[in-house]
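Worksheet: the structure to be examined is printed underneath.
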Amino acid sequence: MLEAELLPASSGEKPLGEGFSEGEESRPQDWYFARLELWGTLERKILPPKGKGEGSQEGGRPRWVYVLRDPALGEVPLRFPREVWERIPFWAFQRHLGRTVLARFSPRTNAQGLWSPWHSPALGFSRRPGVEPSRFQARGRLVGVDREEGRLVVEIRPNPQGVLKEPFRLTLHAALALLEGLPSLGSGVYLEGELRPKSRRMVVRKAELVPLWDD
């Protein structure tokens, strides 16, 4: 079962690649997850064959990849894990090319708290008529707080029967008042916030204490 299957869907069209067959109320409330939502235009980009330069006609056929075109972030690669890719029909990409979509990612950051688009797997996308600010949600274990740098670190661990095999950590930014109100290290926390497109910082706006399945 995909991690994405157990995240709440936004109102509107069912996300492609995310199997929300059950409502939000039926998903486990103590599972780990991290999700970043971005709005943009779905585009297809042609790449040269591997090992060849631009415009080369040798060594195989050109490759193509899908990207999300964001006005502030530019091209964001849509790198779907195999389990997700196999669940999205080809016609879904064709139908949504050139249209505004809401794309969902499992975000990754570096140690400085900067979002890394090339290391953030895509979870799915859905049609959206308008564009809204980016947003993220996460439920994980608090493992670090640096008040001087204005950062916190949360660990996302594998869930029972989930596709995530190894834990990963997100370094996030937050105001001092929020950092001072966090629970003790080792506690489970639910976080909400936004991605700052110019700096690529993921900034927490809300934090609360929550239980986790492995407490």
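Identifiers in the structure tokens: chain A, B, ... in order shown; residue index from 1 per chain; ligand index from 1 in order shown.
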How close does each residue of stretch 59-159 of chain A get to stretch 176-188 of chain A, giving the shortest atom pair and distance in Å to one decimal for every residue with an atom at most 10 Å away, counting only C-alpha atoms, sorted by chain and residue number, as JSON lines?
```
{"residue": "A:Arg139", "atom": "CA", "partner": "A:Gly188", "partner_atom": "CA", "distance": 7.2}
{"residue": "A:Gly140", "atom": "CA", "partner": "A:Gly188", "partner_atom": "CA", "distance": 5.6}
{"residue": "A:Arg141", "atom": "CA", "partner": "A:Gly188", "partner_atom": "CA", "distance": 4.5}
{"residue": "A:Leu142", "atom": "CA", "partner": "A:Gly186", "partner_atom": "CA", "distance": 5.3}
{"residue": "A:Val143", "atom": "CA", "partner": "A:Leu185", "partner_atom": "CA", "distance": 5.4}
{"residue": "A:Gly144", "atom": "CA", "partner": "A:Leu185", "partner_atom": "CA", "distance": 6.6}
{"residue": "A:Val145", "atom": "CA", "partner": "A:Leu179", "partner_atom": "CA", "distance": 7.2}
{"residue": "A:Asp146", "atom": "CA", "partner": "A:Leu179", "partner_atom": "CA", "distance": 8.2}
{"residue": "A:Arg147", "atom": "CA", "partner": "A:Leu176", "partner_atom": "CA", "distance": 6.4}
{"residue": "A:Glu148", "atom": "CA", "partner": "A:Leu176", "partner_atom": "CA", "distance": 8.5}
{"residue": "A:Glu149", "atom": "CA", "partner": "A:Leu176", "partner_atom": "CA", "distance": 9.3}
{"residue": "A:Gly150", "atom": "CA", "partner": "A:Leu176", "partner_atom": "CA", "distance": 6.3}
{"residue": "A:Arg151", "atom": "CA", "partner": "A:Leu179", "partner_atom": "CA", "distance": 7.8}
{"residue": "A:Leu152", "atom": "CA", "partner": "A:Leu179", "partner_atom": "CA", "distance": 7.5}
{"residue": "A:Val153", "atom": "CA", "partner": "A:Leu185", "partner_atom": "CA", "distance": 9.8}
{"residue": "A:Val154", "atom": "CA", "partner": "A:Gly188", "partner_atom": "CA", "distance": 8.9}
{"residue": "A:Glu155", "atom": "CA", "partner": "A:Gly188", "partner_atom": "CA", "distance": 9.4}
```
Could you take the residues named above and write them with all heavy atoms, as a compact mmCIF listing (two decimals), in the first residue's frame?
```txt
# COMPACT_ATOMS: atom_id res chain seq x y z
N ARG A 139 3.49 14.59 9.72
CA ARG A 139 3.33 14.00 11.04
C ARG A 139 4.54 13.12 11.27
O ARG A 139 4.80 12.19 10.51
CB ARG A 139 2.06 13.17 11.16
CG ARG A 139 1.80 12.66 12.57
CD ARG A 139 0.63 11.70 12.66
NE ARG A 139 -0.61 12.34 12.27
CZ ARG A 139 -1.35 11.95 11.23
NH1 ARG A 139 -0.95 10.95 10.48
NH2 ARG A 139 -2.46 12.58 10.95
N GLY A 140 5.33 13.45 12.29
CA GLY A 140 6.56 12.71 12.53
C GLY A 140 7.06 12.91 13.94
O GLY A 140 6.37 13.48 14.80
N ARG A 141 8.29 12.46 14.17
CA ARG A 141 8.86 12.53 15.51
C ARG A 141 9.88 13.67 15.58
O ARG A 141 10.78 13.76 14.74
CB ARG A 141 9.53 11.20 15.87
CG ARG A 141 9.80 11.04 17.36
CD ARG A 141 10.09 9.60 17.72
NE ARG A 141 8.98 8.70 17.45
CZ ARG A 141 7.91 8.56 18.22
NH1 ARG A 141 7.79 9.29 19.32
NH2 ARG A 141 6.96 7.69 17.91
N LEU A 142 9.71 14.54 16.56
CA LEU A 142 10.60 15.68 16.74
C LEU A 142 11.94 15.19 17.26
O LEU A 142 12.03 14.59 18.33
CB LEU A 142 9.98 16.67 17.72
CG LEU A 142 10.74 17.98 17.95
CD1 LEU A 142 10.76 18.82 16.68
CD2 LEU A 142 10.09 18.77 19.10
N VAL A 143 13.01 15.45 16.49
CA VAL A 143 14.33 14.95 16.88
C VAL A 143 15.37 16.06 17.04
O VAL A 143 16.50 15.79 17.44
CB VAL A 143 14.85 13.90 15.86
CG1 VAL A 143 13.97 12.67 15.87
CG2 VAL A 143 14.95 14.50 14.47
N GLY A 144 15.00 17.30 16.74
CA GLY A 144 15.96 18.38 16.89
C GLY A 144 15.31 19.75 16.87
O GLY A 144 14.35 19.96 16.13
N VAL A 145 15.84 20.67 17.68
CA VAL A 145 15.38 22.06 17.70
C VAL A 145 16.60 22.96 17.85
O VAL A 145 17.42 22.76 18.76
CB VAL A 145 14.39 22.33 18.86
CG1 VAL A 145 14.01 23.82 18.89
CG2 VAL A 145 13.15 21.47 18.73
N ASP A 146 16.76 23.92 16.95
CA ASP A 146 17.86 24.88 17.00
C ASP A 146 17.24 26.28 17.04
O ASP A 146 16.89 26.84 16.01
CB ASP A 146 18.77 24.72 15.78
CG ASP A 146 20.03 25.58 15.87
OD1 ASP A 146 20.00 26.60 16.58
OD2 ASP A 146 21.03 25.22 15.23
N ARG A 147 17.11 26.84 18.24
CA ARG A 147 16.45 28.13 18.38
C ARG A 147 17.28 29.26 17.78
O ARG A 147 16.74 30.23 17.27
CB ARG A 147 16.16 28.40 19.86
CG ARG A 147 15.11 27.45 20.44
CD ARG A 147 14.84 27.74 21.91
NE ARG A 147 13.77 26.89 22.43
CZ ARG A 147 13.94 25.66 22.86
NH1 ARG A 147 15.16 25.12 22.83
NH2 ARG A 147 12.93 24.96 23.31
N GLU A 148 18.60 29.16 17.84
CA GLU A 148 19.45 30.22 17.29
C GLU A 148 19.30 30.30 15.77
O GLU A 148 19.28 31.40 15.20
CB GLU A 148 20.91 29.97 17.67
CG GLU A 148 21.21 30.18 19.14
CD GLU A 148 22.69 30.12 19.43
OE1 GLU A 148 23.47 29.97 18.47
OE2 GLU A 148 23.07 30.24 20.61
N GLU A 149 19.21 29.16 15.11
CA GLU A 149 19.07 29.14 13.65
C GLU A 149 17.61 29.17 13.20
O GLU A 149 17.33 29.31 12.01
CB GLU A 149 19.75 27.88 13.08
CG GLU A 149 21.25 27.83 13.30
CD GLU A 149 21.98 28.93 12.55
OE1 GLU A 149 21.45 29.40 11.52
OE2 GLU A 149 23.08 29.31 12.98
N GLY A 150 16.69 29.03 14.16
CA GLY A 150 15.27 29.04 13.81
C GLY A 150 14.83 27.82 13.04
O GLY A 150 14.04 27.93 12.10
N ARG A 151 15.33 26.63 13.45
CA ARG A 151 15.02 25.41 12.71
C ARG A 151 14.62 24.28 13.66
O ARG A 151 14.99 24.27 14.83
CB ARG A 151 16.22 24.96 11.88
CG ARG A 151 16.62 25.93 10.78
CD ARG A 151 17.53 25.28 9.77
NE ARG A 151 18.83 24.93 10.31
CZ ARG A 151 19.97 25.54 9.97
NH1 ARG A 151 19.94 26.55 9.12
NH2 ARG A 151 21.12 25.15 10.48
N LEU A 152 13.86 23.34 13.12
CA LEU A 152 13.54 22.11 13.82
C LEU A 152 13.71 20.95 12.86
O LEU A 152 13.69 21.13 11.63
CB LEU A 152 12.11 22.12 14.37
CG LEU A 152 10.97 22.14 13.35
CD1 LEU A 152 9.80 21.29 13.84
CD2 LEU A 152 10.48 23.57 13.11
N VAL A 153 13.89 19.76 13.40
CA VAL A 153 14.09 18.56 12.59
C VAL A 153 13.05 17.53 13.01
O VAL A 153 12.88 17.24 14.20
CB VAL A 153 15.50 17.97 12.76
CG1 VAL A 153 15.68 16.74 11.88
CG2 VAL A 153 16.56 19.02 12.43
N VAL A 154 12.34 16.98 12.03
CA VAL A 154 11.34 15.95 12.29
C VAL A 154 11.70 14.72 11.47
O VAL A 154 12.14 14.83 10.32
CB VAL A 154 9.92 16.46 11.95
CG1 VAL A 154 9.79 16.79 10.48
CG2 VAL A 154 8.86 15.44 12.36
N GLU A 155 11.54 13.55 12.07
CA GLU A 155 11.86 12.30 11.39
C GLU A 155 10.58 11.60 10.94
O GLU A 155 9.64 11.44 11.72
CB GLU A 155 12.65 11.37 12.31
CG GLU A 155 13.11 10.09 11.63
CD GLU A 155 14.09 9.30 12.48
OE1 GLU A 155 13.63 8.59 13.40
OE2 GLU A 155 15.31 9.42 12.24
```
Apply DSSP to the structure's backbone, then extract all residues of stretch 11-166 of chain A labelled strand (DSSP E or B) and return them as an MDAnalysis selection string. chainID A and resid 16 33:47 63:70 74:77 100:105 109 114:115 122:127 135:146 151:156
Those of chain A in DSSP alpha helix (DSSP H), formatted as a ChimeraX atom specification: /A:82-85,90-96,176-180
Between A:Pro197, A:Pro160, A:Pro89, A:Pro167, which residue has the minimum interatomic distance to A:Leu38, considering only C-alpha atoms?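 Closest residue, counting only C-alpha atoms: A:Pro197.
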Considering only C-alpha atoms, return as a ChimeraX atom specification whatever protein or nucleic-acid residues lie within 10 Å of A:His119, sequence-local ones (same chain, fewer than 6 positions apart) excluded. /A:77,79,105-110
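Counting only C-alpha atoms, the residue from A:Lys198, A:Leu102, A:Ile88, A:Pro121 that sits nearest to A:Gly74 is A:Lys198.
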Residues near A:Lys45, cut-off 9 Å, only C-alpha atoms, skip fewer than 3 positions along chain, as a PDB file with N, CA, C and O atoms, in the first residue's frame:
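Saved to selection-v9.pdb:
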```pdb
ATOM      1  N   ARG A  63      14.401  10.824 -24.674  1.00  0.00           N
ATOM      2  CA  ARG A  63      13.605  10.530 -23.486  1.00  0.00           C
ATOM      3  C   ARG A  63      12.690  11.710 -23.188  1.00  0.00           C
ATOM      4  O   ARG A  63      12.986  12.839 -23.546  1.00  0.00           O
ATOM      5  N   TRP A  64      11.575  11.435 -22.532  1.00  0.00           N
ATOM      6  CA  TRP A  64      10.697  12.523 -22.134  1.00  0.00           C
ATOM      7  C   TRP A  64      10.339  12.371 -20.664  1.00  0.00           C
ATOM      8  O   TRP A  64      10.255  11.270 -20.130  1.00  0.00           O
ATOM      9  N   VAL A  65      10.172  13.508 -20.013  1.00  0.00           N
ATOM     10  CA  VAL A  65       9.811  13.547 -18.601  1.00  0.00           C
ATOM     11  C   VAL A  65       8.699  14.572 -18.420  1.00  0.00           C
ATOM     12  O   VAL A  65       8.543  15.494 -19.226  1.00  0.00           O
ATOM     13  N   TYR A  66       7.929  14.398 -17.358  1.00  0.00           N
ATOM     14  CA  TYR A  66       6.891  15.368 -17.028  1.00  0.00           C
ATOM     15  C   TYR A  66       7.408  16.303 -15.943  1.00  0.00           C
ATOM     16  O   TYR A  66       8.119  15.890 -15.017  1.00  0.00           O
ATOM     17  N   VAL A  67       7.046  17.577 -16.076  1.00  0.00           N
ATOM     18  CA  VAL A  67       7.452  18.586 -15.099  1.00  0.00           C
ATOM     19  C   VAL A  67       6.253  19.448 -14.745  1.00  0.00           C
ATOM     20  O   VAL A  67       5.273  19.532 -15.496  1.00  0.00           O
TER      21      VAL A  67
END
```
Could you pull the residues within 10 Å of A:Arg99, counting only C-alpha atoms, minus those fewer than 5 positions along the same chain, as a PyMOL selection string? chain A and resi 40-43+127-129
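Taking atom CA of A:Trp115 as the reference point, atom CA of A:Trp213 is found at 26.7 Å.
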